[in-house]
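J.: I am attaching a structure below and will ask some questions about it afterwards.
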Amino acid sequence: MQYRTLGRTGVQVSSLALGAMNFGRIGRTTQDEATALVDAALEAGVNVIDTADMYGDGESEEMVGKAIAGRREDIVLATKAGMPMGAERNHQGSSRRWLVTELDSSLRRLGVDHVDLYQIHRWDPRTGDEETLSVLTDLQRAGKIRYFGSSTFPAHRIVQAQWAAREHHLSRYVTEQPSYSVLQRGIETHVLPVTEEYGLGVLVWSPLASGWLSGAIREGREITGNRAAFMPQRFDTTVPANRARLDAVERLAGVADEAGLTMIQLALGFVTAHPAVTSALIGPRTLDHLRSHLAAADTVLSADVLDAVDAIVAPGTDLAPDEKHDTPPALLDPSLRRR
């Protein structure tokens, strides 16, 4: 396992981090299975576990809490808040009212008195940066969180938040958690240059592109699995964007074969090769999945392999732009760009 410094915090973290989204109902994972995944990951040298309040409506946090009981101090524990937690309109976002309440709920579910990294799950356009940074700073000073970060923020919002922290003499976001993979490279254009400029740690999610880069999706094979059943439109190969992804996967498989790598090793080795990336989040549902991911822990791609990847998916290119989560709202809602 490789270890890197998380931004400018001084905290050493593993280059692969265990994402717990599949713990519980989302991945149909039992407590025993989740605990076995945590056991195996820690034994392999993973020291970061990342979850969120909204994963299974809190179920993931509860399962993580039980799995780490008795070894909390060996783990860099991260969770997130901001996405809707039920139908109540104020049970979401990044207001002081909600974050104070929801952090206490997360700590209770996790069975801990603090988390190492508390992340705002998505940028909340209804709440000002000063409001959010102020409450996060207060929670940090109270000892309930050690650091805080953002997740899937557009580049301009990352910059704005850094400016607001300085302007109002508040603590700042020290990490960003964006989506990044061989097939979705758009963050190389704006987000990663900004995180490098401000010295942010970067924990990337979906490095296997929702399974497209797992090795299971190939030309002529039926696409099955949880995500394909849950989001069939993202795997319908009659859709041009999905066709482009499948064509790229076939070419990438050839690169992996020639280099003696699995597709997972190629995919994880690619994202962790970028100098701005600290860790890649893996989200296994089974021990077999975890083992295939851990096999990439020490993968270092040669310049020739990285050049071959660039020739298939150009730097800064998103093959499925409609699936981006950091698109400015005005690009999605015509009323916001018309008087």
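By order in the structure tokens, chains are A, B, ...; within a chain, residues start at 1; ligands start at 1, following the order shown.
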Hey, which bits of region 191-248 of chain A sit within 10 Å of region 167-187 of chain A, and for each residue what's the closest pair of atoms and how far apart in Å (one decimal), counting only C-alpha atoms, rows by chain and increasing number, as CSV?
T.:
```
residue,atom,partner,partner_atom,distance
A:Val191,CA,A:Ile187,CA,4.8
A:Leu192,CA,A:Ile187,CA,5.8
A:Pro193,CA,A:Ile187,CA,8.5
A:Val194,CA,A:Ile187,CA,9.7
A:Thr195,CA,A:Glu176,CA,7.4
A:Tyr198,CA,A:Val174,CA,8.5
A:Gly199,CA,A:Val174,CA,7.5
A:Leu200,CA,A:Thr175,CA,4.7
A:Gly201,CA,A:Thr175,CA,4.4
A:Val202,CA,A:Glu176,CA,5.1
A:Leu203,CA,A:Gln177,CA,4.8
A:Val204,CA,A:Pro178,CA,5.1
A:Trp205,CA,A:Ser179,CA,4.8
A:Ser206,CA,A:Ser179,CA,5.8
A:Pro207,CA,A:Ser181,CA,4.5
A:Leu208,CA,A:Ser181,CA,6.3
A:Ala209,CA,A:Ser181,CA,6.0
A:Ser210,CA,A:Ser181,CA,9.6
A:Trp212,CA,A:Leu183,CA,8.6
A:Leu213,CA,A:Val182,CA,8.3
A:Ala244,CA,A:Leu183,CA,9.5
A:Arg245,CA,A:Leu183,CA,6.9
A:Leu246,CA,A:Leu183,CA,9.9
A:Ala248,CA,A:Leu183,CA,7.9
```
J.: Next, write the just-selected residues to a file, as a short mmCIF file (atom, residue, chain, number, x, y, z; two decimals), in the first residue's frame, keeping N, CA, C and O atoms as the atom set.
T.:
```cif
data_model
loop_
_atom_site.label_atom_id
_atom_site.label_comp_id
_atom_site.auth_asym_id
_atom_site.auth_seq_id
_atom_site.Cartn_x
_atom_site.Cartn_y
_atom_site.Cartn_z
N VAL A 191 -10.98 21.55 -11.98
CA VAL A 191 -10.98 21.23 -10.55
C VAL A 191 -9.59 20.87 -10.04
O VAL A 191 -9.12 21.42 -9.03
N LEU A 192 -8.89 19.95 -10.70
CA LEU A 192 -7.59 19.53 -10.18
C LEU A 192 -6.55 20.65 -10.19
O LEU A 192 -5.76 20.75 -9.23
N PRO A 193 -6.50 21.52 -11.20
CA PRO A 193 -5.58 22.66 -11.08
C PRO A 193 -5.88 23.55 -9.87
O PRO A 193 -4.96 24.07 -9.24
N VAL A 194 -7.16 23.69 -9.55
CA VAL A 194 -7.53 24.50 -8.39
C VAL A 194 -7.13 23.81 -7.08
O VAL A 194 -6.60 24.45 -6.16
N THR A 195 -7.36 22.50 -6.97
CA THR A 195 -6.98 21.81 -5.74
C THR A 195 -5.47 21.84 -5.55
O THR A 195 -4.98 21.95 -4.41
N TYR A 198 -4.47 25.34 -4.18
CA TYR A 198 -4.79 25.60 -2.77
C TYR A 198 -4.31 24.49 -1.84
O TYR A 198 -4.58 24.54 -0.64
N GLY A 199 -3.60 23.52 -2.37
CA GLY A 199 -3.05 22.47 -1.53
C GLY A 199 -4.08 21.56 -0.90
O GLY A 199 -3.90 21.10 0.24
N LEU A 200 -5.16 21.28 -1.61
CA LEU A 200 -6.22 20.42 -1.07
C LEU A 200 -5.88 18.95 -1.30
O LEU A 200 -5.37 18.57 -2.35
N GLY A 201 -6.22 18.12 -0.32
CA GLY A 201 -6.19 16.69 -0.56
C GLY A 201 -7.36 16.32 -1.46
O GLY A 201 -8.42 16.96 -1.40
N VAL A 202 -7.21 15.31 -2.29
CA VAL A 202 -8.25 14.91 -3.24
C VAL A 202 -8.53 13.42 -3.10
O VAL A 202 -7.65 12.58 -3.29
N LEU A 203 -9.77 13.10 -2.72
CA LEU A 203 -10.24 11.72 -2.59
C LEU A 203 -11.24 11.48 -3.71
O LEU A 203 -12.36 11.96 -3.63
N VAL A 204 -10.86 10.75 -4.74
CA VAL A 204 -11.73 10.64 -5.91
C VAL A 204 -12.69 9.46 -5.76
O VAL A 204 -12.33 8.40 -5.26
N TRP A 205 -13.93 9.68 -6.20
CA TRP A 205 -14.92 8.61 -6.16
C TRP A 205 -15.25 8.14 -7.57
O TRP A 205 -14.98 8.82 -8.55
N SER A 206 -15.80 6.94 -7.64
CA SER A 206 -16.15 6.27 -8.90
C SER A 206 -14.96 6.13 -9.85
O SER A 206 -15.09 6.36 -11.06
N PRO A 207 -13.80 5.68 -9.36
CA PRO A 207 -12.65 5.48 -10.26
C PRO A 207 -12.87 4.35 -11.26
O PRO A 207 -12.17 4.29 -12.28
N LEU A 208 -13.83 3.46 -10.97
CA LEU A 208 -14.17 2.39 -11.92
C LEU A 208 -15.35 2.77 -12.79
O LEU A 208 -15.90 1.92 -13.51
N ALA A 209 -15.76 4.04 -12.75
CA ALA A 209 -16.82 4.57 -13.61
C ALA A 209 -18.09 3.73 -13.51
O ALA A 209 -18.66 3.27 -14.51
N SER A 210 -18.56 3.53 -12.27
CA SER A 210 -19.79 2.78 -12.00
C SER A 210 -19.76 1.37 -12.58
O SER A 210 -20.79 0.82 -12.96
N TRP A 212 -18.01 0.38 -15.32
CA TRP A 212 -17.58 0.30 -16.71
C TRP A 212 -16.12 -0.16 -16.84
O TRP A 212 -15.74 -0.78 -17.83
N LEU A 213 -15.31 0.13 -15.83
CA LEU A 213 -13.89 -0.21 -15.89
C LEU A 213 -13.53 -1.39 -14.99
O LEU A 213 -12.37 -1.61 -14.68
N ALA A 244 -19.95 5.24 -26.81
CA ALA A 244 -18.59 5.79 -26.79
C ALA A 244 -17.80 5.18 -25.63
O ALA A 244 -16.60 4.88 -25.77
N ARG A 245 -18.47 5.02 -24.49
CA ARG A 245 -17.78 4.41 -23.35
C ARG A 245 -17.39 2.97 -23.64
O ARG A 245 -16.26 2.55 -23.33
N LEU A 246 -18.31 2.22 -24.23
CA LEU A 246 -18.01 0.82 -24.52
C LEU A 246 -16.87 0.70 -25.53
O LEU A 246 -15.99 -0.15 -25.40
N ALA A 248 -14.44 2.82 -25.90
CA ALA A 248 -13.22 3.15 -25.18
C ALA A 248 -12.78 1.99 -24.29
O ALA A 248 -11.58 1.68 -24.19
#
```
J.: Going by DSSP on the backbone, which bits of region 45-278 of chain A are strand (DSSP E or B)? Write them as number ranges by chain, please.
T.: A: 48-50, 76-81, 115-120, 145-151, 175-177, 179, 184, 201-205
J.: What separation in Å, quoted to one decimal, exists between CA of Ile223 (chain A) and CA of Val249 (chain A)?
T.: 13.3 Å
J.: Mind running region 156-261 of chain A against region 114-131 of chain A at 8 Å and telling me each contacting residue's nearest atom pair with the distance in Å (one decimal), counting only C-alpha atoms, chain and number ascending, as CSV?
T.:
```
residue,atom,partner,partner_atom,distance
A:Arg157,CA,A:Trp123,CA,7.7
A:Gln160,CA,A:Asp129,CA,7.9
A:Ala161,CA,A:Asp129,CA,5.9
A:Ala164,CA,A:Glu130,CA,6.3
A:Ala165,CA,A:Glu130,CA,7.3
A:His168,CA,A:Glu130,CA,7.2
```
J.: When distances are computed from only C-alpha atoms, which of A:Gly211, A:Gly10, A:Pro328, A:Gly316 shows the smallest separation from Ile264 (chain A)?
T.: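 With only C-alpha atoms as the atom set, the closest residue is A:Gly211.
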J.: Can you work out the spacing between CA of Ala36 (chain A) and CA of Thr286 (chain A) in Å, to one decimal?
T.: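 Separation between CA of Ala36 (chain A) and CA of Thr286 (chain A): 8.9 Å.
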